[in-house]
Each structure stands twice: as C-alpha cells, then as structure tokens.
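Below is protein-v1.pdb, holding PDB, C-alpha atoms.
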ATOM      1  CA  MET A 513     -41.170 -73.407 160.858
ATOM      2  CA  LYS A 514     -44.374 -74.146 158.965
ATOM      3  CA  LYS A 515     -43.619 -77.829 159.187
ATOM      4  CA  TRP A 516     -43.434 -77.586 162.947
ATOM      5  CA  PHE A 517     -46.800 -75.852 163.108
ATOM      6  CA  ILE A 518     -48.394 -78.548 161.002
ATOM      7  CA  ALA A 519     -46.852 -81.208 163.230
ATOM      8  CA  LEU A 520     -48.097 -79.438 166.354
ATOM      9  CA  PHE A 521     -51.579 -79.046 164.900
ATOM     10  CA  ALA A 522     -51.661 -82.696 163.905
ATOM     11  CA  ALA A 523     -50.564 -83.722 167.392
ATOM     12  CA  MET A 524     -53.354 -81.648 168.950
ATOM     13  CA  THR A 525     -56.069 -83.068 166.746
ATOM     14  CA  PHE A 526     -54.871 -86.589 167.519
ATOM     15  CA  SER A 527     -54.986 -86.075 171.260
ATOM     16  CA  MET A 528     -58.507 -84.705 171.033
ATOM     17  CA  ALA A 529     -59.671 -87.694 169.059
ATOM     18  CA  ALA A 530     -58.195 -89.997 171.683
ATOM     19  CA  GLN A 531     -60.098 -88.291 174.478
ATOM     20  CA  ALA A 532     -63.522 -88.707 172.981
ATOM     21  CA  THR A 533     -64.939 -92.070 173.957
ATOM     22  CA  ILE A 534     -67.950 -93.580 172.299
ATOM     23  CA  GLU A 535     -70.257 -96.005 173.987
ATOM     24  CA  VAL A 536     -71.663 -98.651 171.760
ATOM     25  CA  TYR A 537     -75.014-100.161 172.605
ATOM     26  CA  GLU A 538     -76.507-102.897 170.524
ATOM     27  CA  PHE A 539     -80.200-103.581 170.408
ATOM     28  CA  GLU A 540     -82.333-106.445 169.203
ATOM     29  CA  ASN A 541     -84.918-104.245 167.559
ATOM     30  CA  LEU A 542     -85.753-100.694 166.621
ATOM     31  CA  GLN A 543     -88.296-100.188 169.428
ATOM     32  CA  GLN A 544     -85.688-100.919 172.075
ATOM     33  CA  GLU A 545     -83.252 -98.501 170.495
ATOM     34  CA  GLN A 546     -85.900 -95.786 170.312
ATOM     35  CA  GLN A 547     -86.918 -96.385 173.914
ATOM     36  CA  PHE A 548     -83.312 -96.159 175.028
ATOM     37  CA  LYS A 549     -82.807 -92.881 173.157
ATOM     38  CA  GLU A 550     -86.055 -91.441 174.458
ATOM     39  CA  LEU A 551     -85.268 -92.319 178.071
ATOM     40  CA  GLY A 552     -81.756 -90.961 177.692
ATOM     41  CA  ASN A 553     -83.269 -87.628 176.774
ATOM     42  CA  THR A 554     -86.013 -87.540 179.419
ATOM     43  CA  LEU A 555     -84.049 -88.742 182.439
ATOM     44  CA  ARG A 556     -82.043 -86.124 184.227
ATOM     45  CA  CYS A 557     -78.588 -86.683 185.665
ATOM     46  CA  PRO A 558     -78.724 -86.190 189.461
ATOM     47  CA  LYS A 559     -75.055 -85.261 189.684
ATOM     48  CA  CYS A 560     -74.570 -82.784 186.861
ATOM     49  CA  GLN A 561     -77.748 -80.842 187.182
ATOM     50  CA  ASN A 562     -79.665 -79.722 184.106
ATOM     51  CA  ASN A 563     -78.127 -82.336 181.853
ATOM     52  CA  THR A 564     -79.932 -85.374 180.577
ATOM     53  CA  ILE A 565     -78.193 -88.679 181.155
ATOM     54  CA  ALA A 566     -77.588 -88.879 177.405
ATOM     55  CA  ASP A 567     -75.849 -85.481 177.408
ATOM     56  CA  SER A 568     -73.715 -85.969 180.478
ATOM     57  CA  ASN A 569     -70.357 -87.661 180.705
ATOM     58  CA  ALA A 570     -70.430 -87.936 184.492
ATOM     59  CA  GLU A 571     -69.788 -91.427 185.821
ATOM     60  CA  LEU A 572     -73.217 -91.534 187.397
ATOM     61  CA  ALA A 573     -74.850 -90.681 184.062
ATOM     62  CA  GLN A 574     -72.899 -93.514 182.432
ATOM     63  CA  ASP A 575     -74.137 -95.892 185.138
ATOM     64  CA  LEU A 576     -77.713 -94.764 184.668
ATOM     65  CA  ARG A 577     -77.428 -95.093 180.885
ATOM     66  CA  HIS A 578     -76.098 -98.583 181.362
ATOM     67  CA  LYS A 579     -78.941 -99.442 183.728
ATOM     68  CA  VAL A 580     -81.493 -98.100 181.248
ATOM     69  CA  TYR A 581     -79.829-100.173 178.538
ATOM     70  CA  GLU A 582     -79.905-103.327 180.666
ATOM     71  CA  MET A 583     -83.523-102.862 181.637
ATOM     72  CA  THR A 584     -84.509-102.077 178.048
ATOM     73  CA  LYS A 585     -82.791-105.261 176.919
ATOM     74  CA  GLN A 586     -84.720-107.205 179.554
ATOM     75  CA  GLY A 587     -87.881-105.947 177.905
ATOM     76  CA  LYS A 588     -88.921-103.506 180.619
ATOM     77  CA  SER A 589     -91.340-100.817 179.506
ATOM     78  CA  LYS A 590     -90.597 -97.101 179.601
ATOM     79  CA  ASP A 591     -92.817 -96.518 182.632
ATOM     80  CA  GLU A 592     -91.181 -99.360 184.530
ATOM     81  CA  ILE A 593     -87.722 -97.898 183.977
ATOM     82  CA  VAL A 594     -88.824 -94.369 184.908
ATOM     83  CA  ASP A 595     -90.503 -95.701 188.078
ATOM     84  CA  TYR A 596     -87.330 -97.595 188.941
ATOM     85  CA  MET A 597     -85.289 -94.394 188.690
ATOM     86  CA  ILE A 598     -87.839 -92.313 190.621
ATOM     87  CA  ALA A 599     -87.822 -94.903 193.431
ATOM     88  CA  ARG A 600     -84.088 -94.230 193.843
ATOM     89  CA  TYR A 601     -83.478 -90.618 192.879
ATOM     90  CA  GLY A 602     -86.901 -89.055 193.347
ATOM     91  CA  ASN A 603     -88.980 -87.042 190.890
ATOM     92  CA  PHE A 604     -85.924 -84.907 190.276
ATOM     93  CA  VAL A 605     -84.608 -87.581 187.926
ATOM     94  CA  THR A 606     -87.302 -87.075 185.303
ATOM     95  CA  TYR A 607     -87.787 -84.020 183.133
ATOM     96  CA  ASN A 608     -91.491 -84.811 183.061
ATOM     97  CA  PRO A 609     -92.429 -84.521 186.734
ATOM     98  CA  PRO A 610     -95.836 -85.733 187.917
ATOM     99  CA  PHE A 611     -98.451 -83.381 189.327
ATOM    100  CA  THR A 612     -97.877 -82.995 193.084
ATOM    101  CA  VAL A 613     -98.374 -80.160 195.556
ATOM    102  CA  ALA A 614     -94.763 -79.095 195.065
ATOM    103  CA  THR A 615     -94.963 -79.079 191.269
ATOM    104  CA  SER A 616     -98.458 -77.607 191.094
ATOM    105  CA  ILE A 617     -97.021 -74.099 190.651
ATOM    106  CA  LEU A 618     -95.335 -75.248 187.433
ATOM    107  CA  TRP A 619     -98.613 -76.392 185.967
ATOM    108  CA  LEU A 620    -100.967 -73.841 187.518
ATOM    109  CA  GLY A 621     -98.606 -70.831 187.369
ATOM    110  CA  PRO A 622     -98.952 -70.161 183.617
ATOM    111  CA  LEU A 623    -102.700 -70.773 183.841
ATOM    112  CA  ALA A 624    -102.943 -68.282 186.705
ATOM    113  CA  VAL A 625    -101.040 -65.668 184.679
ATOM    114  CA  VAL A 626    -103.413 -66.103 181.733
ATOM    115  CA  VAL A 627    -106.491 -65.899 183.980
ATOM    116  CA  LEU A 628    -105.086 -62.851 185.752
ATOM    117  CA  GLY A 629    -104.318 -61.158 182.422
ATOM    118  CA  PHE A 630    -107.834 -61.741 181.112
ATOM    119  CA  GLY A 631    -109.231 -60.581 184.434
ATOM    120  CA  ILE A 632    -107.394 -57.286 184.184
ATOM    121  CA  ILE A 633    -108.520 -56.787 180.574
ATOM    122  CA  VAL A 634    -112.164 -57.450 181.494
ATOM    123  CA  MET A 635    -111.957 -55.157 184.519
ATOM    124  CA  ARG A 636    -110.467 -52.358 182.477
ATOM    125  CA  SER A 637    -113.006 -52.614 179.668
ATOM    126  CA  ARG A 638    -115.814 -52.433 182.241
ATOM    127  CA  LYS A 639    -114.282 -49.319 183.755
ATOM    128  CA  THR A 640    -114.179 -47.487 180.414
ATOM    129  CA  LYS A 641    -117.873 -48.327 179.919
ATOM    130  CA  LYS A 642    -118.626 -46.717 183.247
ATOM    131  CA  ILE A 643    -116.777 -43.569 182.231
ATOM    132  CA  ALA A 644    -118.839 -43.489 179.045
ATOM    133  CA  THR A 645    -122.088 -43.606 181.029
ATOM    134  CA  ASP A 646    -120.716 -40.871 183.272
ATOM    135  CA  GLU A 647    -120.222 -38.685 180.201
ATOM    136  CA  LYS A 648    -123.803 -39.292 179.098
ATOM    137  CA  TRP A 649    -125.021 -38.308 182.487
ATOM    138  CA  ASP A 650    -122.874 -35.209 182.275
ATOM    139  CA  GLN A 651    -124.485 -34.289 178.969
ATOM    140  CA  ASP A 652    -127.915 -34.583 180.495
ATOM    141  CA  LYS A 653    -126.818 -32.486 183.380
ATOM    142  CA  GLU A 654    -125.342 -29.887 181.063
ATOM    143  CA  GLN A 655    -128.571 -29.587 179.181
ATOM    144  CA  ARG A 656    -130.436 -29.109 182.413
ATOM    145  CA  LEU A 657    -127.846 -26.622 183.522
ATOM    146  CA  LYS A 658    -128.201 -24.683 180.263
ATOM    147  CA  ALA A 659    -131.967 -24.690 180.620
ATOM    148  CA  LEU A 660    -131.637 -23.404 184.163
ATOM    149  CA  LEU A 661    -129.203 -20.721 183.083
ATOM    150  CA  ASP A 662    -131.527 -19.685 180.269
ATOM    151  CA  GLU A 663    -134.369 -19.386 182.782
ATOM    152  CA  GLU A 664    -132.190 -17.259 184.974
ATOM    153  CA  ASN A 665    -131.211 -15.076 182.048
ATOM    154  CA  ASN A 666    -134.901 -14.671 181.226
ATOM    155  CA  GLY A 667    -135.454 -13.716 184.795
ATOM    156  CA  ASP A 668    -132.787 -11.070 184.568
ATOM    157  CA  LYS A 669    -134.380  -9.603 181.474
ATOM    158  CA  GLN A 670    -137.705  -9.203 183.175
TER     159      GLN A 670
ATOM    160  CA  MET G1263    -104.890 -44.767 190.604
ATOM    161  CA  SER G1264    -102.453 -44.533 187.660
ATOM    162  CA  LYS G1265     -99.769 -43.089 189.927
ATOM    163  CA  LYS G1266    -100.056 -46.088 192.246
ATOM    164  CA  LEU G1267     -99.748 -48.403 189.243
ATOM    165  CA  LEU G1268     -96.373 -46.863 188.433
ATOM    166  CA  PHE G1269     -94.988 -48.406 191.618
ATOM    167  CA  VAL G1270     -95.892 -51.972 190.594
ATOM    168  CA  PRO G1271     -92.564 -52.670 188.793
ATOM    169  CA  LEU G1272     -90.595 -51.292 191.738
ATOM    170  CA  VAL G1273     -92.510 -53.426 194.240
ATOM    171  CA  ALA G1274     -92.124 -56.509 192.023
ATOM    172  CA  PHE G1275     -88.389 -55.848 191.727
ATOM    173  CA  LEU G1276     -87.996 -55.452 195.488
ATOM    174  CA  ALA G1277     -89.933 -58.666 196.118
ATOM    175  CA  LEU G1278     -87.701 -60.596 193.699
ATOM    176  CA  ALA G1279     -84.569 -59.045 195.192
ATOM    177  CA  ALA G1280     -85.744 -60.151 198.656
ATOM    178  CA  VAL G1281     -86.331 -63.727 197.467
ATOM    179  CA  PHE G1282     -82.893 -63.934 195.813
ATOM    180  CA  THR G1283     -81.129 -62.370 198.804
ATOM    181  CA  THR G1284     -82.739 -64.855 201.195
ATOM    182  CA  GLN G1285     -81.524 -67.804 199.126
ATOM    183  CA  LEU G1286     -78.034 -66.330 198.671
ATOM    184  CA  VAL G1287     -77.703 -65.817 202.420
ATOM    185  CA  ARG G1288     -78.834 -69.403 202.966
ATOM    186  CA  ASN G1289     -76.279 -70.631 200.406
ATOM    187  CA  SER G1290     -73.494 -68.784 202.211
ATOM    188  CA  GLU G1291     -74.585 -70.515 205.410
ATOM    189  CA  GLY G1292     -74.048 -73.896 203.807
ATOM    190  CA  ASP G1293     -77.440 -74.667 202.252
ATOM    191  CA  ASP G1294     -76.588 -76.191 198.902
ATOM    192  CA  PRO G1295     -79.508 -76.030 196.462
ATOM    193  CA  THR G1296     -78.008 -78.849 194.404
ATOM    194  CA  LYS G1297     -78.480 -81.271 197.306
ATOM    195  CA  LEU G1298     -81.259 -83.720 196.746
ATOM    196  CA  GLU G1299     -83.654 -85.067 199.321
ATOM    197  CA  SER G1300     -83.399 -88.840 199.496
ATOM    198  CA  VAL G1301     -86.585 -90.664 198.549
ATOM    199  CA  LEU G1302     -85.565 -93.636 200.685
ATOM    200  CA  ILE G1303     -86.200 -91.905 204.009
ATOM    201  CA  GLY G1304     -88.590 -94.038 206.043
ATOM    202  CA  LYS G1305     -87.819 -97.097 203.916
ATOM    203  CA  SER G1306     -85.716-100.115 204.732
ATOM    204  CA  VAL G1307     -82.189-100.482 203.413
ATOM    205  CA  PRO G1308     -82.520-102.092 199.961
ATOM    206  CA  GLU G1309     -81.744-105.772 199.646
ATOM    207  CA  PHE G1310     -78.178-106.555 198.696
ATOM    208  CA  ARG G1311     -75.477-109.164 198.777
ATOM    209  CA  LEU G1312     -72.019-107.663 198.829
ATOM    210  CA  GLU G1313     -68.550-108.918 199.591
ATOM    211  CA  ASP G1314     -66.377-107.755 202.418
ATOM    212  CA  LEU G1315     -63.809-105.204 201.267
ATOM    213  CA  ALA G1316     -60.754-106.986 202.627
ATOM    214  CA  GLU G1317     -61.984-110.587 202.353
ATOM    215  CA  PRO G1318     -63.404-111.453 198.935
ATOM    216  CA  GLY G1319     -65.917-114.272 199.237
ATOM    217  CA  LYS G1320     -67.249-113.190 202.609
ATOM    218  CA  LEU G1321     -70.791-112.040 201.906
ATOM    219  CA  TYR G1322     -73.064-109.649 203.787
ATOM    220  CA  ASP G1323     -76.711-108.769 203.276
ATOM    221  CA  GLN G1324     -79.168-106.151 204.572
ATOM    222  CA  ALA G1325     -79.502-108.043 207.894
ATOM    223  CA  ILE G1326     -76.319-106.332 209.177
ATOM    224  CA  PHE G1327     -78.302-103.105 209.583
ATOM    225  CA  LYS G1328     -80.699-104.595 212.127
ATOM    226  CA  GLY G1329     -80.137-104.442 215.867
ATOM    227  CA  GLU G1330     -78.686-101.039 216.579
ATOM    228  CA  PRO G1331     -78.584 -97.551 215.035
ATOM    229  CA  LEU G1332     -75.786 -97.194 212.498
ATOM    230  CA  LEU G1333     -74.182 -94.767 210.133
ATOM    231  CA  LEU G1334     -73.666 -95.951 206.574
ATOM    232  CA  ASN G1335     -70.818 -94.015 205.029
ATOM    233  CA  VAL G1336     -70.408 -94.153 201.240
ATOM    234  CA  TRP G1337     -66.816 -93.461 200.252
ATOM    235  CA  ALA G1338     -64.137 -94.055 197.629
ATOM    236  CA  THR G1339     -60.445 -93.406 197.198
ATOM    237  CA  TRP G1340     -61.112 -91.233 194.109
ATOM    238  CA  CYS G1341     -63.121 -88.831 196.231
ATOM    239  CA  PRO G1342     -61.114 -85.955 197.786
ATOM    240  CA  THR G1343     -63.877 -84.994 200.217
ATOM    241  CA  CYS G1344     -63.823 -88.545 201.594
ATOM    242  CA  TYR G1345     -60.165 -88.010 202.441
ATOM    243  CA  ALA G1346     -61.076 -84.779 204.206
ATOM    244  CA  GLU G1347     -63.734 -86.415 206.375
ATOM    245  CA  HIS G1348     -61.843 -89.631 207.103
ATOM    246  CA  GLN G1349     -59.996 -88.426 210.196
ATOM    247  CA  TYR G1350     -63.216 -87.177 211.710
ATOM    248  CA  LEU G1351     -64.871 -90.549 211.062
ATOM    249  CA  ASN G1352     -61.971 -92.129 212.964
ATOM    250  CA  THR G1353     -62.648 -89.739 215.850
ATOM    251  CA  LEU G1354     -66.357 -90.603 215.828
ATOM    252  CA  ALA G1355     -65.602 -94.327 215.760
ATOM    253  CA  GLY G1356     -63.299 -93.753 218.729
ATOM    254  CA  GLU G1357     -66.213 -92.148 220.562
ATOM    255  CA  GLY G1358     -68.271 -95.272 220.027
ATOM    256  CA  VAL G1359     -70.350 -94.287 216.985
ATOM    257  CA  LYS G1360     -71.107 -97.394 214.919
ATOM    258  CA  ILE G1361     -70.258 -96.867 211.254
ATOM    259  CA  ILE G1362     -70.541 -99.239 208.323
ATOM    260  CA  GLY G1363     -68.501 -98.339 205.272
ATOM    261  CA  LEU G1364     -69.632 -98.768 201.680
ATOM    262  CA  ASN G1365     -66.710 -98.595 199.305
ATOM    263  CA  TYR G1366     -68.359 -97.259 196.150
ATOM    264  CA  LYS G1367     -67.097 -97.874 192.595
ATOM    265  CA  ASP G1368     -63.510 -98.225 193.673
ATOM    266  CA  GLN G1369     -60.510-100.518 193.306
ATOM    267  CA  ARG G1370     -60.232-103.043 196.054
ATOM    268  CA  ASP G1371     -56.451-102.908 196.629
ATOM    269  CA  LYS G1372     -56.436 -99.104 196.710
ATOM    270  CA  ALA G1373     -59.306 -99.035 199.206
ATOM    271  CA  VAL G1374     -57.688-101.623 201.497
ATOM    272  CA  GLY G1375     -54.435 -99.649 201.374
ATOM    273  CA  TRP G1376     -56.299 -96.439 202.249
ATOM    274  CA  LEU G1377     -57.831 -98.018 205.354
ATOM    275  CA  ASN G1378     -54.471 -99.472 206.405
ATOM    276  CA  ASP G1379     -52.762 -96.095 206.000
ATOM    277  CA  LEU G1380     -55.422 -93.761 207.368
ATOM    278  CA  GLY G1381     -57.114 -95.950 209.943
ATOM    279  CA  ASN G1382     -60.338 -97.923 209.720
ATOM    280  CA  PRO G1383     -63.411 -96.369 211.359
ATOM    281  CA  TYR G1384     -65.756 -99.034 209.996
ATOM    282  CA  LEU G1385     -67.274-101.995 211.830
ATOM    283  CA  ILE G1386     -67.912-103.635 208.468
ATOM    284  CA  SER G1387     -66.604-102.575 205.080
ATOM    285  CA  LEU G1388     -68.789-103.477 202.111
ATOM    286  CA  PHE G1389     -67.314-103.528 198.638
ATOM    287  CA  ASP G1390     -69.634-102.159 195.922
ATOM    288  CA  GLY G1391     -67.356-102.254 192.910
ATOM    289  CA  ASN G1392     -69.988-101.717 190.212
ATOM    290  CA  GLY G1393     -72.034 -99.297 192.328
ATOM    291  CA  MET G1394     -75.264-101.302 192.269
ATOM    292  CA  LEU G1395     -76.087-100.814 195.971
ATOM    293  CA  GLY G1396     -75.096 -97.182 195.469
ATOM    294  CA  LEU G1397     -77.671 -96.988 192.679
ATOM    295  CA  ASP G1398     -80.333 -98.615 194.873
ATOM    296  CA  LEU G1399     -79.548 -96.095 197.601
ATOM    297  CA  GLY G1400     -79.786 -93.201 195.157
ATOM    298  CA  VAL G1401     -76.175 -92.195 195.744
ATOM    299  CA  TYR G1402     -75.197 -89.392 193.382
ATOM    300  CA  GLY G1403     -71.827 -88.429 194.762
ATOM    301  CA  ALA G1404     -69.511 -89.619 197.484
ATOM    302  CA  PRO G1405     -69.279 -89.031 200.350
ATOM    303  CA  GLU G1406     -72.807 -89.615 201.542
ATOM    304  CA  THR G1407     -73.784 -90.719 205.024
ATOM    305  CA  PHE G1408     -77.060 -92.434 205.868
ATOM    306  CA  LEU G1409     -78.514 -92.605 209.377
ATOM    307  CA  ILE G1410     -80.134 -95.978 209.842
ATOM    308  CA  ASP G1411     -82.216 -96.945 212.864
ATOM    309  CA  ALA G1412     -82.202-100.223 214.793
ATOM    310  CA  ASP G1413     -84.868-101.705 212.478
ATOM    311  CA  GLY G1414     -82.762-101.100 209.393
ATOM    312  CA  VAL G1415     -84.876 -98.144 208.243
ATOM    313  CA  ILE G1416     -83.133 -95.164 206.619
ATOM    314  CA  ARG G1417     -83.929 -92.031 208.622
ATOM    315  CA  TYR G1418     -81.704 -89.381 207.107
ATOM    316  CA  ARG G1419     -79.231 -88.847 204.303
ATOM    317  CA  HIS G1420     -76.349 -86.417 204.566
ATOM    318  CA  VAL G1421     -74.573 -85.423 201.346
ATOM    319  CA  GLY G1422     -71.021 -84.138 201.649
ATOM    320  CA  ASP G1423     -68.416 -84.530 204.341
ATOM    321  CA  VAL G1424     -69.208 -85.171 207.983
ATOM    322  CA  ASN G1425     -67.373 -82.532 209.969
ATOM    323  CA  PRO G1426     -67.443 -81.433 213.639
ATOM    324  CA  ARG G1427     -69.855 -78.618 212.815
ATOM    325  CA  ASN G1428     -72.599 -80.539 210.996
ATOM    326  CA  TRP G1429     -72.153 -83.544 213.289
ATOM    327  CA  LYS G1430     -72.759 -81.444 216.400
ATOM    328  CA  GLU G1431     -75.538 -79.387 214.838
ATOM    329  CA  LYS G1432     -77.524 -81.952 212.951
ATOM    330  CA  LEU G1433     -76.319 -85.513 212.806
ATOM    331  CA  GLU G1434     -75.451 -86.185 216.445
ATOM    332  CA  PRO G1435     -78.855 -85.136 217.851
ATOM    333  CA  MET G1436     -80.561 -87.416 215.303
ATOM    334  CA  TYR G1437     -78.152 -90.270 216.018
ATOM    335  CA  GLN G1438     -78.636 -89.919 219.780
ATOM    336  CA  GLN G1439     -82.385 -89.928 219.279
ATOM    337  CA  LEU G1440     -82.123 -93.198 217.359
ATOM    338  CA  VAL G1441     -79.978 -94.644 220.133
ATOM    339  CA  ALA G1442     -82.580 -93.558 222.694
ATOM    340  CA  GLU G1443     -85.386 -95.070 220.579
ATOM    341  CA  ALA G1444     -83.568 -98.378 220.371
ATOM    342  CA  LYS G1445     -83.294 -98.762 224.138
TER     343      LYS G1445
END
Would you mind writing the file out in structure tokens?
Amino acid sequence: MKKWFIALFAAMTFSMAAQATIEVYEFENLQQEQQFKELGNTLRCPKCQNNTIADSNAELAQDLRHKVYEMTKQGKSKDEIVDYMIARYGNFVTYNPPFTVATSILWLGPLAVVVLGFGIIVMRSRKTKKIATDEKWDQDKEQRLKALLDEENNGDKQ
Amino acid sequence: MSKKLLFVPLVAFLALAAVFTTQLVRNSEGDDPTKLESVLIGKSVPEFRLEDLAEPGKLYDQAIFKGEPLLLNVWATWCPTCYAEHQYLNTLAGEGVKIIGLNYKDQRDKAVGWLNDLGNPYLISLFDGNGMLGLDLGVYGAPETFLIDADGVIRYRHVGDVNPRNWKEKLEPMYQQLVAEAK
C-alpha cells in the first residue's frame, strides 16, 4: 500500500515538473539583462490584467516579453521600448503612467487629501481659539454683572 | 454642528454604494471594464507584408485597406468566441458587408480547414502566424473587429464577438456612416 502511495506521489511531482516551462534568454551584457528584467516588471499585460508581463504566462505576455527581448538585443533604450508598447496598447501597458487629465486624480488625489486634512486641522484650531476669547469676554461680563448686582444689593439696603 | 458631522460616514457610504451600483448595472448590460480603448483610432492601418492564408507566397500590404470601408476581423481556430461569431460574419458577408480576415497566431492548415468547413466570409484572408501585425494593431485577444474607412484609417475597435445585437446597435450605424462618407 505504502509503495503505491510513494509511486503515486512520485508520478504527481513528475507531471508538475513537466508542466513548468522555462524561457531562456541570453544577453550580450549585464545592462541588457537588467533592462529586460526591469521592463518585464514595469510593463503590464493587457490580457491578464494586473499582472506584469514577467509574471504572466498568457500567450500575449510571452509575445511581449519576446518583443522586449528582441528590441533590447537591438540596442533600443528603455524609453524607446516603452514608447513602442504605448503606441500599440496605450498607457494601460505601463505601470508608470504619464501625467494626463485622466491620470491627474492619481497624482493629485493624495495631495488633495493631505491639503484637506491640514485645512480641517487649521480650521478647528482657529475655532477653539475663538471659544477661548468668548470665555474671556464672558469673564469680563461676569465681573460687570457682579458689580451691577452688588450695586443693586446696596440699593436694596438703603 | 457635531450632530451633522455624525452623518458624514453614512453619506460617504451611500455615495460609494451609488458609484459601485452604477458600474455593476453597466457591467450587467454588457460594459466590460477590462476592455481597452484602442490607441490606433484615427491612425492608418500599420504597415505590413503578410501572406495569403490559403496561398503561401502571395503577399498583401496595407494598400488593400484603401478604396472602400472595411471590417478587419482578427480570428483564430483556438478561439471559441470566434467560432460563435463565425456564422454571423457569414450572414453579414451575405448582406454585402466587406470583411477582411486576419488569422492570428494560428496553424495554417487548421485555419484553411475551418474556412472550408464553416464558410468563408472574408474577401481576403491574411495569415499572421507569429502575431506581428496583431502586435502592431494592439490586439490583446481574439476576436477583435476593426472598422476601417475608405482611406485606410482605423475608426473603431470592437473587442469580443460580433453578434446581431451589437452589430445593429453600434457597429452597423458606424459602418453605414463610413459607407456614406466614402460616396
């Protein structure tokens, strides 16, 4: 029985190993390899959304990886390759989108939240100051009130 | 003042709920948020040189898109949705709609067999075995259908199958407009 389990387990591990395919890319120098890795992690797969082309196993991601590899080998710079992809798949394809009207909320949103937060804090601190001055005024008024009351009391005594 | 402030989370929640509901309703009506807008709209069909699907050696280039409004249908035999839309493409071709087929990342013999078995709605069938024209067109999944005007300029990209509903609602009016423009 145990033998059979071991055999079954072995068979399963073998089939898994057979499924995993590895792409081999060879580069002439370290810069090219680094550029390829960097682009693989900054370009986004249009088919399988929210995966980079390096992460995804979709056919399209493989094609794009291959294209990036080819262009890197030809000596194209990072910007050239990114522009090439944007010209075909739009700004969606990069995880580092440029500043446009549509993306402005991404850049300005956090800033707006910070400004709004500070605004509220400043407003609130001003309000408490006002209350403090109100209290002072109240004290003055109380003193006057007391004085008036005393006068009245004096009046009653007379 | 402080009592009014207590309602802020409730109002914020209701606003968010409204936003999400709107999008969910749109999704159920067929608006797919994963669909991408093509960046090639208003641009000419990219340059290419591709072989005919059935006759290797016979070459075509981007000049075939000039002269009259056309549909460019990107398809493959590995794509189930392409199978689903194929009969309707045959119907459209029968009605006189001009369609050019782009066989995308496919095997030639399989694709030829498919057209022989299911009917051929295409005026011209281009064979893009390694998907390079597909890449230039920004294709990210078959089927995709491009509306191309008489000057060879891409005017619209439809992702997914062409069916009687979206043809009548969206694609046909645009196609007819292109036909009218060309006259």
Exercise for the section: Expand the PyMOL selection byres ((chain G and resi 1316) around 8) into the individual residues it matches in the shown file, reporting them as a PyMOL selection string. Expected result: chain G and resi 1314-1315+1317-1318+1370+1374+1387
Exercise for the section: Rounded to one decimal place, report the CA of Leu1267 (chain G)-CA of Val625 (chain A) distance in Å. Expected result: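 Atom-to-atom, CA of Leu1267 (chain G) and CA of Val625 (chain A) are spaced 17.9 Å apart.
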Practice task
Rounded to one decimal place, report the CA of Met1394 (chain G)-CA of Leu572 (chain A) distance in Å.
Solution key: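 Taking CA of Met1394 (chain G) as the start and CA of Leu572 (chain A) as the end point, the length is 11.1 Å.
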Exercise for the section: For CA of Leu1385 (chain G) and CA of Pro1405 (chain G), determine how far apart the two atoms are, in Å to one decimal place. Expected result: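 That distance, rounded to one decimal, is 17.4 Å.
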Show me, as CSV, the residues of chain A having an atom within 12 Å of chain G, each with the closest atom pair and its distance in Å, using only C-alpha atoms.
residue,atom,partner,partner_atom,distance
A:Arg556,CA,G:Tyr1402,CA,11.9
A:Cys557,CA,G:Tyr1402,CA,8.9
A:Pro558,CA,G:Tyr1402,CA,6.2
A:Lys559,CA,G:Tyr1402,CA,5.5
A:Cys560,CA,G:Thr1296,CA,9.2
A:Gln561,CA,G:Thr1296,CA,7.5
A:Asn562,CA,G:Thr1296,CA,10.5
A:Ala570,CA,G:Tyr1402,CA,10.2
A:Glu571,CA,G:Tyr1402,CA,9.5
A:Leu572,CA,G:Tyr1402,CA,6.7
A:Ala573,CA,G:Tyr1402,CA,9.4
A:Gln574,CA,G:Gly1393,CA,11.5
A:Asp575,CA,G:Gly1393,CA,8.2
A:Leu576,CA,G:Leu1397,CA,8.3
A:Arg577,CA,G:Leu1397,CA,11.9
A:His578,CA,G:Asn1392,CA,11.2
A:Lys579,CA,G:Leu1397,CA,9.4
A:Tyr596,CA,G:Asp1398,CA,9.2
A:Met597,CA,G:Gly1400,CA,8.6
A:Ile598,CA,G:Val1301,CA,8.2
A:Ala599,CA,G:Val1301,CA,6.8
A:Arg600,CA,G:Gly1400,CA,4.6
A:Tyr601,CA,G:Gly1400,CA,5.0
A:Gly602,CA,G:Val1301,CA,5.5
A:Asn603,CA,G:Val1301,CA,8.8
A:Phe604,CA,G:Leu1298,CA,8.1
A:Val605,CA,G:Leu1298,CA,10.2
Exercise for the section: Using only C-alpha atoms, determine which residues lie at most 12 Å from region 1423-1435 of chain G, disregarding the query and same-chain residues fewer than 5 positions distant; provide the list as a PyMOL selection string. Expected result: chain G and resi 1291-1293+1331-1337+1341-1354+1357+1359+1403-1410+1417-1418+1440-1442
Problem - Spatial neighbours of Leu555 (chain A), max dist 8 Å, all atoms listed in the file, sep filter under 5 positions, as a VMD selection string - result: chain A and resid 564 to 565 594 605 to 607
Centre, edges in Å (one decimal): axis-aligned box, region 582-597 of chain A, 8 Å padding on all six sides, as lines of an AutoDock Vina configuration file:
center_x = -86.4
center_y = -100.8
center_z = 182.9
size_x = 28.9
size_y = 28.8
size_z = 28.0
As a short mmCIF file (atom, residue, chain, number, x, y, z; two decimals), in the coordinates of the input, please: region 626-635 of chain A completed to N, CA and C atoms.
data_model
loop_
_atom_site.label_atom_id
_atom_site.label_comp_id
_atom_site.auth_asym_id
_atom_site.auth_seq_id
_atom_site.Cartn_x
_atom_site.Cartn_y
_atom_site.Cartn_z
N VAL A 626 -102.45 -66.34 182.81
CA VAL A 626 -103.41 -66.10 181.73
C VAL A 626 -104.74 -65.61 182.31
N VAL A 627 -105.21 -66.29 183.36
CA VAL A 627 -106.49 -65.90 183.98
C VAL A 627 -106.40 -64.48 184.53
N LEU A 628 -105.29 -64.18 185.18
CA LEU A 628 -105.09 -62.85 185.75
C LEU A 628 -105.09 -61.79 184.65
N GLY A 629 -104.39 -62.09 183.54
CA GLY A 629 -104.32 -61.16 182.42
C GLY A 629 -105.70 -60.86 181.87
N PHE A 630 -106.48 -61.93 181.63
CA PHE A 630 -107.83 -61.74 181.11
C PHE A 630 -108.68 -60.96 182.11
N GLY A 631 -108.49 -61.28 183.38
CA GLY A 631 -109.23 -60.58 184.43
C GLY A 631 -108.99 -59.09 184.37
N ILE A 632 -107.73 -58.71 184.23
CA ILE A 632 -107.39 -57.29 184.18
C ILE A 632 -108.02 -56.63 182.96
N ILE A 633 -107.95 -57.34 181.80
CA ILE A 633 -108.52 -56.79 180.57
C ILE A 633 -110.02 -56.55 180.75
N VAL A 634 -110.71 -57.56 181.31
CA VAL A 634 -112.16 -57.45 181.49
C VAL A 634 -112.49 -56.29 182.44
N MET A 635 -111.72 -56.23 183.54
CA MET A 635 -111.96 -55.16 184.52
C MET A 635 -111.80 -53.78 183.87
#
